[in-house]
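Raw contents of entry-v5.cif, mmCIF, C-alpha atoms:
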```
data_model
#
loop_
_atom_site.label_atom_id
_atom_site.label_comp_id
_atom_site.auth_asym_id
_atom_site.auth_seq_id
_atom_site.Cartn_x
_atom_site.Cartn_y
_atom_site.Cartn_z
CA MET P 103 77.19 106.67 185.21
CA THR P 104 77.77 109.73 187.36
CA GLU P 105 78.57 113.16 185.96
CA ARG P 106 82.06 112.90 187.43
CA ARG P 107 82.73 109.67 185.52
CA LEU P 108 81.37 111.24 182.35
CA GLN P 109 83.63 114.27 182.80
CA GLU P 110 86.62 111.92 183.07
CA ALA P 111 85.52 109.98 180.00
CA ILE P 112 85.10 113.22 178.04
CA LEU P 113 88.61 114.31 179.00
CA VAL P 114 90.13 110.99 177.94
CA LEU P 115 88.24 111.06 174.64
CA THR P 116 89.27 114.64 173.89
CA ILE P 117 92.91 113.78 174.57
CA LEU P 118 92.61 110.94 172.05
CA GLY P 119 90.85 113.10 169.48
CA ALA P 120 93.18 116.06 169.98
CA GLY P 121 96.16 113.75 169.55
CA ILE P 122 94.86 112.54 166.19
CA ALA P 123 93.96 116.06 165.06
CA ALA P 124 97.32 117.46 166.16
CA TYR P 125 99.17 114.70 164.30
CA LEU P 126 97.21 115.36 161.09
CA THR P 127 97.67 119.13 161.45
CA VAL P 128 101.43 118.84 161.87
CA ALA P 129 101.69 116.37 158.97
CA HIS P 130 99.65 118.69 156.76
CA LEU P 131 101.64 121.80 157.60
CA ALA P 132 105.02 120.07 157.45
CA HIS P 133 104.11 118.18 154.25
CA THR P 134 105.23 114.94 155.84
CA PRO P 135 103.62 111.62 154.98
CA VAL P 136 100.89 110.27 157.26
CA ALA P 137 101.45 106.79 158.67
CA CYS P 138 98.71 104.78 157.03
CA VAL P 139 98.01 101.22 155.90
CA ALA P 140 99.47 100.63 152.42
CA SER P 141 97.81 102.61 149.64
CA SER P 142 94.72 103.53 151.59
CA GLY P 143 94.52 107.19 150.56
CA CYS P 144 95.47 109.12 153.71
CA GLU P 145 97.77 111.47 151.85
CA THR P 146 95.34 111.92 149.00
CA VAL P 147 92.72 113.09 151.49
CA GLN P 148 95.28 115.20 153.39
CA HIS P 149 96.20 117.12 150.24
CA SER P 150 92.85 117.31 148.49
CA ALA P 151 91.00 120.55 147.85
CA TYR P 152 88.91 119.65 150.91
CA SER P 153 91.80 119.53 153.35
CA GLU P 154 91.70 123.27 154.07
CA LEU P 155 88.99 125.80 154.84
CA TRP P 156 90.00 129.43 154.22
CA GLY P 157 93.62 128.33 154.34
CA ILE P 158 93.23 126.62 157.70
CA PRO P 159 93.84 122.85 157.74
CA VAL P 160 90.58 121.03 158.48
CA ALA P 161 92.52 118.97 161.04
CA ALA P 162 93.39 122.19 162.89
CA ILE P 163 89.69 123.09 163.05
CA GLY P 164 89.13 119.65 164.57
CA LEU P 165 91.92 120.26 167.06
CA ALA P 166 90.30 123.56 168.12
CA GLY P 167 87.01 121.71 168.59
CA TYR P 168 88.61 119.08 170.82
CA VAL P 169 90.29 121.79 172.89
CA LEU P 170 86.93 123.54 173.34
CA ILE P 171 85.26 120.29 174.44
CA ALA P 172 88.13 119.58 176.85
CA ALA P 173 87.87 123.08 178.31
CA SER P 174 84.15 122.60 178.89
CA ALA P 175 84.58 119.21 180.56
CA ARG P 176 85.63 120.46 183.98
CA PRO P 177 83.24 123.26 185.04
CA ARG P 178 79.94 121.98 186.43
CA THR P 179 77.79 124.68 184.87
CA ASP P 180 74.98 124.48 182.35
CA LEU P 181 76.96 126.67 179.97
CA ALA P 182 79.90 124.24 180.05
CA ARG P 183 77.65 121.20 179.57
CA VAL P 184 75.81 122.77 176.61
CA THR P 185 79.04 124.07 175.07
CA GLY P 186 80.63 120.63 175.24
CA ALA P 187 77.63 118.86 173.75
CA ALA P 188 77.12 121.46 171.02
CA ALA P 189 80.81 121.39 170.05
CA ALA P 190 80.83 117.59 169.94
CA LEU P 191 77.69 117.51 167.80
CA ALA P 192 79.02 120.24 165.49
CA GLY P 193 82.16 118.16 165.08
CA LEU P 194 80.13 115.07 164.27
CA VAL P 195 77.95 116.87 161.69
CA PHE P 196 81.06 118.30 160.02
CA ALA P 197 82.76 114.89 160.20
CA ALA P 198 79.73 113.27 158.55
CA TYR P 199 80.10 115.68 155.64
CA LEU P 200 83.82 114.87 155.43
CA VAL P 201 83.03 111.13 155.32
CA TYR P 202 80.70 111.84 152.40
CA VAL P 203 83.49 113.85 150.70
CA GLN P 204 85.97 111.01 151.20
CA LEU P 205 83.67 108.29 149.90
CA GLY P 206 81.70 110.21 147.30
CA VAL P 207 84.01 112.92 145.99
CA ILE P 208 87.69 112.24 146.65
CA ASP P 209 87.46 108.44 146.33
CA ALA P 210 89.98 107.96 149.12
CA VAL P 211 89.66 107.28 152.82
CA CYS P 212 91.83 108.63 155.62
CA GLN P 213 91.98 106.10 158.44
CA TRP P 214 93.03 108.71 160.99
CA CYS P 215 89.98 110.80 160.11
CA MET P 216 87.78 107.76 160.58
CA ALA P 217 89.38 107.11 163.98
CA SER P 218 88.60 110.71 164.94
CA ASP P 219 85.01 110.17 163.80
CA VAL P 220 84.67 107.22 166.18
CA VAL P 221 85.96 109.41 169.03
CA LEU P 222 83.41 112.09 168.08
CA VAL P 223 80.53 109.61 168.20
CA ALA P 224 81.60 108.61 171.71
CA LEU P 225 81.98 112.26 172.71
CA VAL P 226 78.49 113.15 171.51
CA ALA P 227 77.10 110.29 173.57
CA ALA P 228 79.14 111.26 176.64
CA THR P 229 78.42 115.00 176.49
CA PHE P 230 74.66 114.58 176.03
CA LEU P 231 74.58 111.91 178.73
CA ARG P 232 76.37 114.41 180.95
CA ILE P 233 73.52 116.89 180.45
CA SER P 234 70.96 114.25 181.33
CA ARG P 235 72.94 113.14 184.43
CA SER P 236 73.63 116.61 185.73
CA ALA P 237 71.95 117.72 188.94
CA ALA P 238 68.28 118.41 188.36
CA PRO P 239 67.43 122.15 188.32
CA ARG P 240 65.96 123.58 191.52
CA MET A 94 66.75 125.67 182.45
CA SER A 95 65.55 122.04 182.35
CA ARG A 96 67.91 119.30 181.23
CA ARG A 97 65.64 118.58 178.26
CA ARG A 98 65.83 122.21 177.19
CA LEU A 99 69.62 122.25 177.67
CA ALA A 100 69.93 119.23 175.39
CA LEU A 101 67.74 120.89 172.76
CA VAL A 102 69.86 124.04 172.85
CA ALA A 103 73.00 121.91 172.41
CA VAL A 104 71.44 120.00 169.49
CA ALA A 105 70.39 123.20 167.75
CA ALA A 106 73.73 124.96 168.30
CA GLY A 107 75.74 121.89 167.30
CA ALA A 108 73.71 121.19 164.16
CA ILE A 109 73.91 124.82 163.04
CA ALA A 110 77.65 125.12 163.70
CA GLY A 111 78.49 121.77 162.08
CA GLY A 112 76.25 122.48 159.10
CA ALA A 113 77.79 125.92 158.66
CA LEU A 114 81.29 124.45 158.61
CA ALA A 115 80.26 121.82 156.05
CA ALA A 116 78.55 124.45 153.88
CA ALA A 117 81.58 126.74 154.09
CA LEU A 118 83.89 123.92 153.01
CA ALA A 119 81.58 122.92 150.15
CA LEU A 120 81.37 126.53 148.95
CA SER A 121 85.11 127.15 149.29
CA THR A 122 85.82 124.18 147.02
CA GLY A 123 83.32 125.38 144.45
CA GLY A 124 80.46 123.09 145.39
CA THR A 125 80.68 119.37 145.78
CA PRO A 126 79.62 117.27 142.79
CA LYS A 127 81.65 117.59 139.61
CA PRO A 128 79.71 118.19 136.36
CA ALA A 129 79.14 114.76 134.82
CA ALA A 130 78.03 116.15 131.46
CA ALA A 131 81.48 117.52 130.64
CA ALA A 132 83.29 114.36 131.71
CA PRO A 133 86.12 113.42 129.32
CA VAL A 134 86.55 109.95 127.86
CA GLY A 135 87.63 107.39 130.44
CA ALA A 136 86.79 109.46 133.53
CA ALA A 137 84.95 106.65 135.28
CA ARG A 138 87.53 104.02 134.34
CA VAL A 139 90.48 106.09 135.54
CA ALA A 140 88.71 107.09 138.75
CA ALA A 141 87.93 103.43 139.46
CA MET A 142 91.48 102.32 138.69
CA LEU A 143 93.02 104.88 141.05
CA ARG A 144 90.33 104.88 143.73
CA GLY A 145 91.81 104.67 147.23
CA LEU A 146 95.44 104.53 146.09
CA ASP A 147 97.96 106.91 147.59
CA GLN A 148 99.51 109.46 145.28
CA ASN A 149 102.48 111.54 146.29
CA GLY A 150 103.65 113.90 143.57
CA THR A 151 104.28 111.65 140.57
CA ALA A 152 104.40 108.47 142.69
CA LEU A 153 101.49 106.06 142.77
CA GLY A 154 101.04 103.46 145.49
CA SER A 155 102.61 102.72 148.82
CA ARG A 156 106.00 104.29 149.42
CA THR A 157 106.85 101.17 151.43
CA ALA A 158 106.29 98.90 148.41
CA PRO A 159 109.36 96.67 147.99
CA VAL A 160 109.78 97.45 144.29
CA THR A 161 109.73 100.75 142.40
CA LEU A 162 108.91 101.03 138.71
CA VAL A 163 109.84 104.29 137.01
CA GLU A 164 107.95 105.06 133.81
CA PHE A 165 109.57 107.52 131.41
CA ALA A 166 106.82 108.83 129.16
CA ASP A 167 105.60 111.77 127.11
CA PRO A 168 101.91 112.67 127.30
CA GLN A 169 101.78 112.98 123.53
CA CYS A 170 103.58 109.75 122.71
CA PRO A 171 101.06 107.29 121.18
CA ALA A 172 102.90 104.22 122.47
CA CYS A 173 102.80 105.69 125.98
CA GLY A 174 99.06 106.12 125.52
CA MET A 175 98.69 102.47 124.52
CA TRP A 176 100.71 101.36 127.53
CA ALA A 177 98.64 103.58 129.82
CA ARG A 178 95.36 102.22 128.51
CA ASN A 179 96.33 98.54 128.16
CA ALA A 180 99.08 97.70 130.62
CA LEU A 181 98.72 100.13 133.50
CA PRO A 182 95.28 98.97 134.72
CA VAL A 183 96.63 95.41 135.07
CA ILE A 184 99.84 96.57 136.78
CA VAL A 185 97.84 98.70 139.19
CA ARG A 186 95.43 95.88 140.01
CA ASP A 187 98.03 93.14 140.43
CA TYR A 188 101.07 94.99 141.76
CA VAL A 189 100.27 98.50 143.03
CA ARG A 190 97.02 97.88 144.86
CA PRO A 191 98.43 94.90 146.82
CA GLY A 192 101.37 97.11 147.87
CA LYS A 193 104.04 95.22 145.92
CA VAL A 194 105.08 97.99 143.52
CA GLN A 195 105.17 101.77 143.56
CA ILE A 196 105.12 103.48 140.14
CA VAL A 197 106.89 106.80 139.63
CA PHE A 198 106.14 108.76 136.47
CA SER A 199 109.10 110.62 135.04
CA GLY A 200 107.70 112.99 132.47
CA MET A 201 109.32 113.82 129.15
CA HIS A 202 108.20 116.42 126.64
CA PHE A 203 110.15 116.00 123.43
CA VAL A 204 107.23 115.38 121.04
CA GLY A 205 106.26 119.04 120.96
CA PRO A 206 105.01 122.05 122.90
CA GLU A 207 101.75 120.35 123.74
CA SER A 208 103.71 117.67 125.60
CA GLU A 209 104.98 120.33 127.95
CA THR A 210 101.54 121.88 128.47
CA ALA A 211 100.03 118.48 129.22
CA LEU A 212 102.87 117.51 131.53
CA ARG A 213 102.66 120.84 133.35
CA ALA A 214 98.94 120.28 133.97
CA ALA A 215 99.58 116.83 135.41
CA LEU A 216 102.48 118.06 137.56
CA ALA A 217 100.33 120.94 138.84
CA ALA A 218 97.65 118.40 139.78
CA GLY A 219 100.40 116.48 141.60
CA ALA A 220 100.46 119.24 144.21
CA GLN A 221 96.95 118.04 145.09
CA HIS A 222 98.07 114.39 144.85
CA ARG A 223 96.13 113.90 141.63
CA PHE A 224 98.97 113.63 139.10
CA TRP A 225 97.97 110.15 137.97
CA ASN A 226 94.30 110.99 137.46
CA VAL A 227 95.23 113.85 135.15
CA VAL A 228 97.98 112.12 133.20
CA GLU A 229 95.84 109.00 132.67
CA LEU A 230 92.90 111.10 131.46
CA LEU A 231 95.27 112.87 129.07
CA TYR A 232 96.20 109.47 127.67
CA GLU A 233 92.54 108.46 127.46
CA ASN A 234 91.81 111.61 125.44
CA GLN A 235 95.08 111.72 123.53
CA GLY A 236 94.92 113.32 120.07
CA ALA A 237 97.33 113.34 117.15
CA GLU A 238 100.68 114.92 118.00
CA ASN A 239 100.72 118.73 118.09
CA THR A 240 97.26 119.23 116.59
CA GLY A 241 95.94 121.40 119.41
CA TRP A 242 94.31 118.59 121.38
CA VAL A 243 95.82 119.78 124.69
CA SER A 244 93.35 122.66 124.77
CA ASP A 245 92.09 124.75 127.67
CA THR A 246 88.73 123.06 127.19
CA LEU A 247 90.23 119.59 127.57
CA LEU A 248 92.26 120.59 130.64
CA HIS A 249 89.16 122.12 132.25
CA SER A 250 87.14 119.04 131.41
CA ILE A 251 89.79 116.70 132.81
CA GLY A 252 90.26 118.81 135.95
CA ASP A 253 86.53 118.87 136.60
CA ALA A 254 86.31 115.09 136.19
CA VAL A 255 89.00 114.26 138.74
CA PRO A 256 87.62 113.47 142.20
CA GLY A 257 88.72 115.97 144.82
CA LEU A 258 90.80 118.14 142.46
CA SER A 259 90.48 121.91 142.36
CA THR A 260 90.68 122.68 138.61
CA SER A 261 91.36 126.36 139.25
CA ARG A 262 94.31 125.54 141.52
CA MET A 263 95.68 123.11 138.93
CA LEU A 264 95.43 125.64 136.09
CA ALA A 265 96.88 128.41 138.25
CA GLY A 266 99.92 126.23 138.92
CA LEU A 267 100.71 125.46 135.28
CA GLN A 268 103.52 128.02 134.97
CA SER A 269 104.60 127.96 138.61
CA SER A 270 108.27 127.70 139.49
CA ASN A 271 107.52 124.48 141.34
CA VAL A 272 106.17 122.83 138.19
CA THR A 273 109.07 124.22 136.14
CA ASN A 274 111.50 122.69 138.64
CA LEU A 275 109.72 119.32 138.47
CA LEU A 276 109.89 119.46 134.69
CA ALA A 277 113.64 120.07 134.88
CA GLN A 278 114.06 117.23 137.39
CA GLY A 279 112.30 114.87 134.97
CA ASP A 280 114.58 115.97 132.13
CA ALA A 281 117.66 115.42 134.30
CA LEU A 282 116.50 111.98 135.42
CA ALA A 283 115.83 110.86 131.84
CA GLN A 284 119.21 112.15 130.72
CA GLN A 285 120.95 110.46 133.63
CA ALA A 286 119.23 107.16 132.83
CA GLY A 287 120.09 107.51 129.15
CA ILE A 288 116.46 107.40 128.02
CA SER A 289 115.99 108.14 124.34
CA SER A 290 112.56 106.68 123.60
CA THR A 291 109.24 106.39 125.35
CA PRO A 292 107.79 104.60 127.09
CA SER A 293 110.89 103.35 128.86
CA PHE A 294 111.08 101.77 132.27
CA ALA A 295 113.48 101.30 135.15
CA VAL A 296 112.88 98.72 137.87
CA GLY A 297 114.51 97.92 141.17
CA LYS A 298 114.19 97.60 144.90
CA THR A 299 112.69 100.70 146.47
CA GLY A 300 115.49 102.92 147.73
CA GLY A 301 118.08 100.92 145.78
CA THR A 302 119.59 101.25 142.34
CA LEU A 303 117.08 101.06 139.53
CA ARG A 304 117.93 99.38 136.24
CA VAL A 305 116.54 100.40 132.85
CA VAL A 306 114.74 97.33 131.51
CA PRO A 307 113.47 96.45 128.05
CA ILE A 308 109.78 95.75 127.53
CA THR A 309 108.66 93.07 125.16
CA SER A 310 105.24 94.56 124.39
CA LEU A 311 102.91 97.41 125.30
CA SER A 312 100.69 95.07 127.31
CA ALA A 313 101.17 94.28 131.00
CA GLY A 314 102.96 91.05 130.08
CA GLY A 315 105.74 93.13 128.59
CA ILE A 316 106.90 94.34 132.01
CA THR A 317 105.52 91.90 134.59
CA PRO A 318 108.47 89.43 134.28
CA GLN A 319 110.78 92.30 135.26
CA LEU A 320 108.56 93.18 138.23
CA ASP A 321 108.35 89.56 139.37
CA ALA A 322 112.12 89.22 139.12
CA ALA A 323 112.65 92.35 141.20
CA LEU A 324 110.16 91.13 143.80
CA LYS A 325 112.07 87.84 144.14
CA GLN A 326 115.42 89.56 144.72
#
```
Write the structure described by the file as structure tokens, please.
Amino acid sequence: MTERRLQEAILVLTILGAGIAAYLTVAHLAHTPVACVASSGCETVQHSAYSELWGIPVAAIGLAGYVLIAASARPRTDLARVTGAAAALAGLVFAAYLVYVQLGVIDAVCQWCMASDVVLVALVAATFLRISRSAAPR
Amino acid sequence: MSRRRLALVAVAAGAIAGGALAAALALSTGGTPKPAAAAPVGAARVAAMLRGLDQNGTALGSRTAPVTLVEFADPQCPACGMWARNALPVIVRDYVRPGKVQIVFSGMHFVGPESETALRAALAAGAQHRFWNVVELLYENQGAENTGWVSDTLLHSIGDAVPGLSTSRMLAGLQSSNVTNLLAQGDALAQQAGISSTPSFAVGKTGGTLRVVPITSLSAGGITPQLDAALKQ
């Protein structure tokens, strides 16, 4: 896959992820229920002690991450490639901790968060592949 | 810089940033695992019963469930404790978990001052969507009426045993105006429904008119015929 195709894929993935994160952020701030399969625990996760960091909704932190990755998708510089890959990996590491919190601490699973995690896995793959497919240094 | 080195820089930066965020969240919630040694009676059973179920204030289960069951109860009432320990697990397993019934707890506090303290703790936990964990653990650890069993120690122990609950936030909210308002709403609802004893129940289609129904026993079988009838309507 060419770098151009990877840049397009990264943009599409970030739009997906940002959409999920924006939805969860708005629902958290507006105290509105999250659309979720019956009794699956979305709201329990959304309102747990782990849903905010320093008063900032965790979903909003995710949204900021997606925006950063999207912003780094276009420029064809090493800084942009590394920034995108590092942000995606940081998101995945944080998401892995949140999965542990959902399964091991809160005892409830948020399907939207899981969907975002899938997007992050794909983004990590795409951003690191982008580094490997970029023009070789001269 | 070589592509290999770029990838290594990204891995290092990403791992550090992601790890820092996770550590910050763990620290801000007071560390992750709850102390098992101080766990109150029934902590594992209650956690298992409620695991994965949505809680919204004093409501348990899917808000789109076709039938709503309102439970009028006092945390100090022994019969309510029996119902909570014997009937509720069956109702949750057979009706709430499959999405057929949503249970709404309408708290009462006429047995004594400890009823109000206990109810306030559960309502404060409701702000973190953990009302049911706290109220069920209160029933599991229920003492004789007004003997001092609703102690700070018990509330701390219960708070620490509830998955995902910030005990400090719960205790800080005990006297909040929000909890006071919820308490008043419960009183008004009970008065409106003409409830004079606990536990009492009202059943009906979700969003429709609920009807106060008699129960024939404090086991699940005492209320399930009413739930089945409402589901068939």
Do you know which residues are at most 10 Å from A:Thr151 counting all atoms listed in the file, after dropping those on the same chain fewer than 3 positions away, and could you put them as a ChimeraX atom specification? /A:148,163,196-200,215-216,218-220,222-225,228,275
Picked residues, the PyMOL selection byres ((chain A) within 6 of (chain P)), as a list in words: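 Here the PyMOL selection byres ((chain A) within 6 of (chain P)) matches Arg96, Ala103, Ala106, Gly107, Ala108, Ala110, Gly111, Ala115, Leu118, Arg144, Gly145, Leu146, Asp147, Gly154, Ser155, Gln221, His222, Pro256, Gly257, Leu258 and Ser259 of chain A.
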Please compute the atom CA of A:Val183-atom CA of A:Pro133 distance, one decimal, in Å.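 Between atom CA of A:Val183 and atom CA of A:Pro133 the gap works out to 21.6 Å.
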Can you translate the PyMOL selection byres ((chain P and resi 123) around 7) into the concrete residues it hits in this file, as a list in words?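 Expected selection for the PyMOL selection byres ((chain P and resi 123) around 7) here is Gly119, Ala120, Gly121, Ile122, Ala124, Tyr125, Leu126, Thr127, Ala161, Ala162, Gly164 and Leu165 of chain P.
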Selection from above, C-alpha atoms, as a PDB file, in the frame of the given file, can you write it?
```pdb
ATOM      1  CA  GLY P 119      90.850 113.100 169.480  1.00  0.00           C
ATOM      2  CA  ALA P 120      93.180 116.060 169.980  1.00  0.00           C
ATOM      3  CA  GLY P 121      96.160 113.750 169.550  1.00  0.00           C
ATOM      4  CA  ILE P 122      94.860 112.540 166.190  1.00  0.00           C
ATOM      5  CA  ALA P 124      97.320 117.460 166.160  1.00  0.00           C
ATOM      6  CA  TYR P 125      99.170 114.700 164.300  1.00  0.00           C
ATOM      7  CA  LEU P 126      97.210 115.360 161.090  1.00  0.00           C
ATOM      8  CA  THR P 127      97.670 119.130 161.450  1.00  0.00           C
ATOM      9  CA  ALA P 161      92.520 118.970 161.040  1.00  0.00           C
ATOM     10  CA  ALA P 162      93.390 122.190 162.890  1.00  0.00           C
ATOM     11  CA  GLY P 164      89.130 119.650 164.570  1.00  0.00           C
ATOM     12  CA  LEU P 165      91.920 120.260 167.060  1.00  0.00           C
TER      13      LEU P 165
END
```
Please, what distance in Å, to one decimal, runs between atom CA of P:Val114 and atom CA of P:Gly167?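 If I compute the distance from atom CA of P:Val114 to atom CA of P:Gly167, I get 14.6 Å.
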Enumerate, as a ChimeraX atom specification, the protein, DNA and RNA residues whose atoms approach (88.8, 108.6, 132.1) to within 12 Å, taking into account only C-alpha atoms and the coordinate frame of the file. /A:129,131-143,177-178,182,225-235,247,250-256
Do you know which residues the PyMOL selection byres ((chain P and resi 225) around 8) returns on this file, as a list in words?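 Applied to this file, the PyMOL selection byres ((chain P and resi 225) around 8) selects Ile112, Leu115, Thr116, Ala187, Ala190, Val221, Leu222, Val223, Ala224, Val226, Ala227, Ala228 and Thr229 of chain P.
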Among A:Ala211, A:Leu324, A:Val272, A:Met201, A:Gln284 is approached most closely, using all atoms listed in the file, by A:Met201
As lines of an AutoDock Vina configuration file, please: the centre and edge lengths in Å, to one decimal, of an axis-aligned box enclosing every listed atom of stretch 284-296 of chain A with 4 Å added on each side.
```
center_x = 114.4
center_y = 105.4
center_z = 130.7
size_x = 21.2
size_y = 21.4
size_z = 22.3
```
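Using only C-alpha atoms, the nearest neighbour of P:Ser218 within the list P:Leu118, P:Ile171, P:Ala166, P:Ala137 is P:Leu118.
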Which residues are near A:Gly314? Cut-off 10 Å, only C-alpha atoms, ignore same chain within fewer than 4 positions. Put them as a PyMOL selection string. chain A and resi 180+183-184+308-310+318-319
From the set A:Ser261, A:Gly301, A:Asn149, A:Gly279, which residue has the shortest atom-to-atom contact distance to P:His133, counting only C-alpha atoms?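 For P:His133, the nearest of the candidates is A:Asn149.
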Would you kindly identify which residues have an atom no farther than 9 Å from (115.2, 106.7, 128.9), using all atoms listed in the file and the file's own coordinates, and write them out as a JSON list (two decimals) with C-alpha atoms, in the frame of the given file?
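Generated output (point-v1.json):
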```
[["chain", "number", "residue", "atom", "x", "y", "z"],
["A", 164, "GLU", "CA", 107.95, 105.06, 133.81],
["A", 165, "PHE", "CA", 109.57, 107.52, 131.41],
["A", 166, "ALA", "CA", 106.82, 108.83, 129.16],
["A", 282, "LEU", "CA", 116.50, 111.98, 135.42],
["A", 283, "ALA", "CA", 115.83, 110.86, 131.84],
["A", 284, "GLN", "CA", 119.21, 112.15, 130.72],
["A", 285, "GLN", "CA", 120.95, 110.46, 133.63],
["A", 286, "ALA", "CA", 119.23, 107.16, 132.83],
["A", 287, "GLY", "CA", 120.09, 107.51, 129.15],
["A", 288, "ILE", "CA", 116.46, 107.40, 128.02],
["A", 289, "SER", "CA", 115.99, 108.14, 124.34],
["A", 290, "SER", "CA", 112.56, 106.68, 123.60],
["A", 291, "THR", "CA", 109.24, 106.39, 125.35],
["A", 292, "PRO", "CA", 107.79, 104.60, 127.09],
["A", 293, "SER", "CA", 110.89, 103.35, 128.86],
["A", 294, "PHE", "CA", 111.08, 101.77, 132.27],
["A", 295, "ALA", "CA", 113.48, 101.30, 135.15],
["A", 305, "VAL", "CA", 116.54, 100.40, 132.85]]
```
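The nearest approach to A:Lys298 among the residues A:Val243, A:Ala323, A:Leu267, A:Leu114, with only C-alpha atoms taken into account, belongs to A:Ala323.
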Work out how far atom CA of A:Pro159 is from atom CA of A:Pro191, in Å to one decimal. 11.1 Å
I'd like to know which of A:Lys325, A:Ala217, A:Gly150, A:Trp242 is closest to A:Ser269, using only C-alpha atoms.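 The shortest atom-to-atom distance to A:Ser269 comes from A:Ala217.
Look at A:Val204: the protein and nucleic acid residues within 8 Å of it, using only C-alpha atoms and passing over chain neighbours fewer than 2 places away, are Asp167, Gln169, Cys170, His202, Pro206, Glu207, Ser208, Glu238 and Asn239 of chain A.
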Would you mind completing stretch 157-172 of chain P to N, CA and C atoms and writing the output as a PDB file, keeping the file's coordinate frame?
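Below is the file out-v2.pdb, written as the result:
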```
ATOM      1  N   GLY P 157      92.196 128.427 154.077  1.00  0.00           N
ATOM      2  CA  GLY P 157      93.620 128.330 154.340  1.00  0.00           C
ATOM      3  C   GLY P 157      93.983 127.637 155.645  1.00  0.00           C
ATOM      4  N   ILE P 158      92.962 127.297 156.424  1.00  0.00           N
ATOM      5  CA  ILE P 158      93.230 126.620 157.700  1.00  0.00           C
ATOM      6  C   ILE P 158      93.042 125.113 157.497  1.00  0.00           C
ATOM      7  N   PRO P 159      94.020 124.297 157.884  1.00  0.00           N
ATOM      8  CA  PRO P 159      93.840 122.850 157.740  1.00  0.00           C
ATOM      9  C   PRO P 159      92.573 122.388 158.490  1.00  0.00           C
ATOM     10  N   VAL P 160      91.800 121.536 157.848  1.00  0.00           N
ATOM     11  CA  VAL P 160      90.580 121.030 158.480  1.00  0.00           C
ATOM     12  C   VAL P 160      90.925 120.316 159.797  1.00  0.00           C
ATOM     13  N   ALA P 161      92.099 119.659 159.810  1.00  0.00           N
ATOM     14  CA  ALA P 161      92.520 118.970 161.040  1.00  0.00           C
ATOM     15  C   ALA P 161      92.718 119.964 162.181  1.00  0.00           C
ATOM     16  N   ALA P 162      93.186 121.176 161.846  1.00  0.00           N
ATOM     17  CA  ALA P 162      93.390 122.190 162.890  1.00  0.00           C
ATOM     18  C   ALA P 162      92.049 122.670 163.442  1.00  0.00           C
ATOM     19  N   ILE P 163      91.035 122.725 162.578  1.00  0.00           N
ATOM     20  CA  ILE P 163      89.690 123.090 163.050  1.00  0.00           C
ATOM     21  C   ILE P 163      89.201 122.014 164.031  1.00  0.00           C
ATOM     22  N   GLY P 164      89.482 120.748 163.673  1.00  0.00           N
ATOM     23  CA  GLY P 164      89.130 119.650 164.570  1.00  0.00           C
ATOM     24  C   GLY P 164      89.852 119.763 165.902  1.00  0.00           C
ATOM     25  N   LEU P 165      91.128 120.122 165.840  1.00  0.00           N
ATOM     26  CA  LEU P 165      91.920 120.260 167.060  1.00  0.00           C
ATOM     27  C   LEU P 165      91.309 121.357 167.962  1.00  0.00           C
ATOM     28  N   ALA P 166      90.925 122.467 167.349  1.00  0.00           N
ATOM     29  CA  ALA P 166      90.300 123.560 168.120  1.00  0.00           C
ATOM     30  C   ALA P 166      89.007 123.073 168.774  1.00  0.00           C
ATOM     31  N   GLY P 167      88.257 122.257 168.047  1.00  0.00           N
ATOM     32  CA  GLY P 167      87.010 121.710 168.590  1.00  0.00           C
ATOM     33  C   GLY P 167      87.271 120.824 169.805  1.00  0.00           C
ATOM     34  N   TYR P 168      88.277 119.966 169.693  1.00  0.00           N
ATOM     35  CA  TYR P 168      88.610 119.080 170.820  1.00  0.00           C
ATOM     36  C   TYR P 168      89.054 119.892 172.041  1.00  0.00           C
ATOM     37  N   VAL P 169      89.821 120.944 171.784  1.00  0.00           N
ATOM     38  CA  VAL P 169      90.290 121.790 172.890  1.00  0.00           C
ATOM     39  C   VAL P 169      89.081 122.446 173.576  1.00  0.00           C
ATOM     40  N   LEU P 170      88.126 122.906 172.774  1.00  0.00           N
ATOM     41  CA  LEU P 170      86.930 123.540 173.340  1.00  0.00           C
ATOM     42  C   LEU P 170      86.137 122.533 174.197  1.00  0.00           C
ATOM     43  N   ILE P 171      86.000 121.314 173.685  1.00  0.00           N
ATOM     44  CA  ILE P 171      85.260 120.290 174.440  1.00  0.00           C
ATOM     45  C   ILE P 171      86.001 119.970 175.747  1.00  0.00           C
ATOM     46  N   ALA P 172      87.333 119.873 175.644  1.00  0.00           N
ATOM     47  CA  ALA P 172      88.130 119.580 176.850  1.00  0.00           C
ATOM     48  C   ALA P 172      87.970 120.700 177.877  1.00  0.00           C
TER      49      ALA P 172
END
```
